[in-house]
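J.: File target-v3.txt below, compact mmCIF, C-alpha atoms and all ligand atoms:
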# COMPACT_ATOMS: atom_id res chain seq x y z
CA MET A 1 18.70 20.86 68.04
CA THR A 2 16.46 17.95 67.43
CA ASP A 3 12.93 17.77 66.21
CA LEU A 4 12.61 14.09 66.91
CA TYR A 5 10.26 12.69 69.47
CA ASP A 6 11.30 9.54 71.10
CA TYR A 7 8.73 6.82 70.83
CA GLU A 8 8.25 6.44 74.56
CA SER A 9 7.32 10.03 75.22
CA LEU A 10 5.04 10.06 72.24
CA LEU A 11 3.32 6.92 73.37
CA LYS A 12 3.05 8.33 76.86
CA ARG A 13 1.27 11.36 75.51
CA VAL A 14 -1.16 9.15 73.65
CA ARG A 15 -1.68 6.79 76.57
CA ASP A 16 -1.97 9.58 79.11
CA ALA A 17 -5.14 10.50 77.35
CA LEU A 18 -6.75 7.29 78.51
CA PRO A 19 -7.17 7.50 82.30
CA GLU A 20 -8.41 11.08 82.23
CA LYS A 21 -11.08 10.18 79.77
CA ILE A 22 -12.21 7.17 81.76
CA THR A 23 -13.37 9.47 84.51
CA THR A 24 -15.44 11.47 82.06
CA LYS A 25 -18.25 10.37 79.80
CA GLU A 26 -16.51 8.69 76.93
CA ARG A 27 -13.27 6.88 76.90
CA PHE A 28 -10.82 7.48 74.16
CA GLU A 29 -9.21 4.38 72.86
CA ILE A 30 -6.45 4.45 70.35
CA PRO A 31 -8.06 2.99 67.24
CA LYS A 32 -6.54 -0.23 66.04
CA ALA A 33 -5.91 -0.54 62.34
CA ASP A 34 -7.67 -3.57 60.90
CA VAL A 35 -5.16 -4.68 58.30
CA ILE A 36 -5.48 -7.43 55.73
CA TYR A 37 -3.45 -8.36 52.69
CA GLU A 38 -4.87 -8.98 49.26
CA GLY A 39 -2.34 -9.98 46.67
CA LYS A 40 0.25 -7.25 46.54
CA ASN A 41 -1.92 -4.75 48.37
CA THR A 42 -2.33 -3.89 52.00
CA ILE A 43 -5.79 -2.89 53.10
CA ILE A 44 -6.77 -0.92 56.17
CA ARG A 45 -10.35 -2.08 56.41
CA ASN A 46 -11.48 0.40 59.04
CA PHE A 47 -9.75 3.50 57.71
CA ILE A 48 -12.85 5.69 57.68
CA ASP A 49 -13.84 4.42 61.09
CA ILE A 50 -10.45 5.45 62.48
CA VAL A 51 -10.75 8.86 60.86
CA LYS A 52 -14.22 9.37 62.33
CA ARG A 53 -13.10 8.35 65.78
CA ILE A 54 -10.30 10.89 65.79
CA ASN A 55 -12.49 13.43 64.04
CA ARG A 56 -10.04 14.46 61.36
CA ASP A 57 -10.26 15.09 57.65
CA PRO A 58 -9.83 11.76 55.80
CA MET A 59 -7.58 13.40 53.22
CA HIS A 60 -5.31 14.78 55.91
CA VAL A 61 -4.88 11.35 57.48
CA TYR A 62 -4.54 9.80 54.05
CA LYS A 63 -1.76 12.15 52.96
CA TYR A 64 0.09 11.64 56.21
CA LEU A 65 -0.02 7.88 55.89
CA MET A 66 1.08 7.94 52.27
CA ARG A 67 4.03 10.11 53.19
CA GLU A 68 4.97 8.17 56.30
CA LEU A 69 4.55 4.75 54.77
CA GLY A 70 6.19 5.80 51.53
CA THR A 71 3.56 4.28 49.32
CA ALA A 72 0.60 5.13 47.13
CA GLY A 73 -2.97 4.24 47.78
CA ASN A 74 -6.58 5.16 47.48
CA ILE A 75 -9.68 5.27 49.61
CA GLN A 76 -12.43 2.91 48.56
CA GLY A 77 -15.52 3.14 50.70
CA GLN A 78 -14.47 2.42 54.28
CA ARG A 79 -11.15 1.04 53.23
CA LEU A 80 -7.75 2.42 52.41
CA ILE A 81 -5.93 0.36 49.83
CA LEU A 82 -2.13 0.63 49.94
CA LYS A 83 0.27 -0.50 47.29
CA GLY A 84 2.66 -3.17 48.50
CA ARG A 85 2.71 -5.25 51.63
CA ILE A 86 3.22 -3.07 54.67
CA SER A 87 3.51 -4.53 58.13
CA HIS A 88 0.60 -4.17 60.48
CA THR A 89 2.96 -2.97 63.20
CA LEU A 90 4.28 -0.17 61.03
CA ILE A 91 0.79 0.95 60.05
CA GLN A 92 -0.39 0.92 63.66
CA ASN A 93 2.71 2.87 64.65
CA ARG A 94 2.03 5.53 62.05
CA VAL A 95 -1.62 5.79 63.05
CA GLU A 96 -0.49 6.34 66.65
CA ASN A 97 2.07 8.90 65.50
CA TYR A 98 -0.67 10.73 63.67
CA ILE A 99 -2.82 10.79 66.79
CA GLY A 100 0.12 11.91 68.91
CA THR A 101 0.88 14.70 66.47
CA TYR A 102 -2.49 15.88 65.22
CA VAL A 103 -5.09 14.79 67.74
CA ILE A 104 -3.94 14.60 71.35
CA CYS A 105 -3.59 17.93 73.15
CA TYR A 106 0.06 18.54 74.03
CA GLU A 107 -0.93 20.15 77.29
CA CYS A 108 -3.67 18.05 78.86
CA GLY A 109 -3.70 14.93 76.73
CA SER A 110 -7.32 15.25 75.71
CA PRO A 111 -8.26 13.95 72.27
CA ASP A 112 -11.04 16.50 72.12
CA THR A 113 -9.22 18.88 69.80
CA GLU A 114 -9.59 20.67 66.53
CA LEU A 115 -7.03 21.07 63.81
CA ARG A 116 -6.92 24.49 62.21
CA LYS A 117 -4.76 26.10 59.64
CA GLU A 118 -3.34 29.58 59.99
CA GLY A 119 -1.52 30.33 56.80
CA ARG A 120 0.81 27.43 56.37
CA ILE A 121 0.89 26.56 60.04
CA GLU A 122 -1.28 23.86 61.50
CA ILE A 123 -2.64 24.60 64.93
CA LEU A 124 -4.04 22.15 67.43
CA VAL A 125 -6.81 23.72 69.47
CA CYS A 126 -7.90 21.87 72.59
CA LYS A 127 -11.57 22.05 73.52
CA ALA A 128 -10.86 20.59 76.94
CA CYS A 129 -8.20 22.95 78.29
CA GLY A 130 -8.12 25.69 75.68
CA ALA A 131 -4.47 25.19 74.76
CA ILE A 132 -3.53 26.41 71.30
CA ARG A 133 -0.32 24.95 69.96
CA PRO A 134 1.32 24.74 66.57
CA VAL A 135 1.58 21.16 65.47
CA HIS A 136 5.01 19.62 65.81
CA ALA A 137 5.03 18.45 62.27
CA LYS A 138 8.19 16.45 62.20
CA ILE A 139 7.82 13.27 64.07
CA ASP A 140 10.10 10.48 63.15
CA VAL A 141 9.37 7.42 65.15
CA ARG A 142 10.28 3.96 64.10
CA ILE A 143 9.10 0.69 65.36
CA GLY A 144 10.80 -2.54 64.42
CA ARG A 145 13.42 -0.50 62.69
CA THR A 146 16.81 0.56 63.83
CA VAL A 147 17.33 4.10 64.97
CA LEU A 148 20.68 5.63 64.26
CA GLU A 149 22.08 7.70 67.09
CA GLU A 150 24.34 10.71 67.02
CA GLY A 151 27.68 10.19 68.74
CA LYS A 152 27.59 6.42 68.37
CA VAL A 153 29.99 4.35 66.28
CA TYR A 154 28.74 1.94 63.63
CA GLU A 155 30.52 -0.53 61.40
CA LEU A 156 29.52 0.36 57.90
CA GLU A 157 30.34 -0.60 54.38
CA ILE A 158 30.76 2.15 51.84
CA THR A 159 28.58 1.16 48.92
CA ASP A 160 28.52 4.31 46.85
CA LEU A 161 30.09 7.71 46.29
CA SER A 162 28.42 11.08 46.37
CA ARG A 163 28.96 13.66 43.66
CA ASP A 164 31.42 15.38 45.98
CA GLY A 165 33.38 12.17 46.36
CA ASP A 166 32.23 11.31 49.87
CA GLY A 167 31.61 7.68 50.62
CA ILE A 168 28.01 6.66 51.14
CA ALA A 169 26.86 3.87 53.40
CA LYS A 170 23.37 2.57 53.97
CA TYR A 171 22.07 1.67 57.38
CA ASP A 172 18.46 0.58 57.60
CA SER A 173 16.60 3.48 56.02
CA TYR A 174 19.48 5.91 56.54
CA THR A 175 21.93 7.24 54.02
CA ILE A 176 25.20 8.12 55.68
CA TYR A 177 27.85 10.35 54.16
CA VAL A 178 31.39 9.56 55.21
CA PRO A 179 34.13 11.81 53.78
CA GLY A 180 37.50 10.27 53.03
CA THR A 181 36.23 6.81 52.19
CA LYS A 182 35.83 4.92 48.96
CA LYS A 183 33.54 2.26 47.61
CA GLY A 184 34.11 -1.13 49.24
CA ASP A 185 35.67 0.27 52.42
CA LYS A 186 34.53 -1.30 55.65
CA VAL A 187 34.88 1.35 58.29
CA LYS A 188 33.95 2.30 61.80
CA VAL A 189 32.02 5.52 61.58
CA LYS A 190 31.04 7.93 64.30
CA ILE A 191 27.72 9.57 63.54
CA LEU A 192 28.03 13.32 63.88
CA ARG A 193 24.69 14.59 62.71
CA ILE A 194 21.37 13.13 61.64
CA LYS A 195 18.73 14.93 59.68
CA LYS A 196 15.74 12.74 59.00
CA ASN A 197 17.08 9.82 57.01
CA VAL A 198 20.39 11.40 56.15
CA ALA A 199 23.40 11.27 58.43
CA PHE A 200 26.94 12.54 58.40
CA GLY A 201 29.78 10.68 59.98
CA ARG A 202 33.51 10.42 60.22
CA VAL A 203 35.81 7.46 60.26
CA VAL A 204 37.22 6.49 63.62
CA SER A 205 40.06 4.05 63.96
ZN ZN B 1 -5.86 20.36 76.35
Go through the file and emit its structure as structure tokens.
T.:
Amino acid sequence: MTDLYDYESLLKRVRDALPEKITTKERFEIPKADVIYEGKNTIIRNFIDIVKRINRDPMHVYKYLMRELGTAGNIQGQRLILKGRISHTLIQNRVENYIGTYVICYECGSPDTELRKEGRIEILVCKACGAIRPVHAKIDVRIGRTVLEEGKVYELEITDLSRDGDGIAKYDSYTIYVPGTKKGDKVKVKILRIKKNVAFGRVVS
């Protein structure tokens, strides 16, 4: 079971929206984040413009970006001010993920959709083809970052111990639990299972 989308298929879904729209009245272009840096802050200058173009609630987009970028921020006029320096590529990637998740119809690729809430479930309703689909909420796509893969072997250094005494290694943004190891061990680890940023592995010789 995996709830991960690979980047390619996600991108395809976003890009597939383009040619169809060209033949109709307006063409949907994936908005490009206009990012600048001021001191220790990152500013998306056209945040509200992006939100308007995808016709979503600014707070919904805002919360998503805060969560996905792991930072705090606030909306000031047209701009979204983010704490810390965050790469333009990462921001653009997360904007595209948002569009792939909450805007583009899963069936026909049209961006002409509406986001509704039924209880706790978010539903994407397509005005073009009528498809009604629950949003696939968990999208974990990385760009410029390493993706850990199940079944593959990695050379890791155990840098910590869990409360249960399992060794813990870090790999990019992942925390990997490796039973039977101790701090300082350098081991080859086969990844057995990944759940978001947490993985479980076992030592292979
Ligand atoms: Zn549709």
J.: Pick from A:Tyr106, A:Phe47, A:Tyr171, A:Tyr37: nearest to ligand ZN 1 (chain B), with all atoms listed in the file counted?
T.: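 Nearest candidate to ligand ZN 1 (chain B) out of A:Tyr106, A:Phe47, A:Tyr171, A:Tyr37: A:Tyr106.
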J.: Between atom CA of Val35 of chain A and atom CA of Glu96 of chain A, what is the distance in Å, rounded to a tenth?
T.: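 Atom CA of Val35 of chain A sits 14.6 Å away from atom CA of Glu96 of chain A.
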J.: Output the neighbourhood of ligand ZN 1 (chain B) as a ChimeraX atom specification, that is, all protein and nucleic acid residues with some atom at most 9 Å from the ligand, counting all atoms listed in the file.
T.: /A:104-113,125-132
J.: The centre and edge lengths of an axis-aligned box containing all atoms of segment 108-124 of chain A present in the file, extended by 8 Å on each side, are to be given in Å to one decimal, as lines of an AutoDock Vina configuration file.
T.:
center_x = -5.1
center_y = 22.1
center_z = 67.6
size_x = 27.9
size_y = 32.4
size_z = 38.5
J.: So which residues touch Thr159 of chain A within 8 Å, counting only C-alpha atoms, skipping near sequence neighbours fewer than 5 positions away, as number ranges by chain?
T.: A: 167-170, 183-185
J.: In Å, rounded to a single decimal, give me how far atom CA of Leu80 of chain A is from atom CA of Lys63 of chain A.
T.: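 Going from atom CA of Lys63 of chain A over to atom CA of Leu80 of chain A, I get 11.4 Å.
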J.: For Tyr64 of chain A, work out the shell of residues within 10 Å, counting all atoms listed in the file and skipping chain neighbours fewer than 6 positions away, then give it as a PyMOL selection string.
T.: chain A and resi 58+70+94-95+97-98
J.: In Å, rounded to a single decimal, give me how far atom CA of Glu118 of chain A is from atom CA of Gly73 of chain A.
T.: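 Here the two named atoms are 28.1 Å from each other.
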J.: Residues within 12 Å of Val153 of chain A, please, as an mmCIF file with C-alpha atoms, keeping the file's coordinate frame. Count all atoms listed in the file; anything in the same chain fewer than 4 positions from it doesn't count.
T.:
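The result, written out as selection29.cif:
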data_model
loop_
_atom_site.group_PDB
_atom_site.id
_atom_site.type_symbol
_atom_site.label_atom_id
_atom_site.label_comp_id
_atom_site.auth_asym_id
_atom_site.auth_seq_id
_atom_site.Cartn_x
_atom_site.Cartn_y
_atom_site.Cartn_z
ATOM 1 C CA LEU A 148 20.680 5.630 64.260
ATOM 2 C CA GLU A 149 22.080 7.700 67.090
ATOM 3 C CA VAL A 187 34.880 1.350 58.290
ATOM 4 C CA LYS A 188 33.950 2.300 61.800
ATOM 5 C CA VAL A 189 32.020 5.520 61.580
ATOM 6 C CA LYS A 190 31.040 7.930 64.300
ATOM 7 C CA ILE A 191 27.720 9.570 63.540
ATOM 8 C CA LEU A 192 28.030 13.320 63.880
ATOM 9 C CA PHE A 200 26.940 12.540 58.400
ATOM 10 C CA GLY A 201 29.780 10.680 59.980
ATOM 11 C CA ARG A 202 33.510 10.420 60.220
ATOM 12 C CA VAL A 203 35.810 7.460 60.260
ATOM 13 C CA VAL A 204 37.220 6.490 63.620
ATOM 14 C CA SER A 205 40.060 4.050 63.960
#
J.: Got a sec: who's within 12 Å of Arg116 of chain A, counting only C-alpha atoms, leaving out chain neighbours fewer than 4 positions off, as a PyMOL selection string?
T.: chain A and resi 56-57+60+102-103+120-126+132-135
J.: Given the point (31.7, -3.5, 58.7) in the coordinates of this file, which residues lie within 8 Å, counting only C-alpha atoms, and how would they look as a PyMOL selection string?
T.: chain A and resi 154-157+186-188
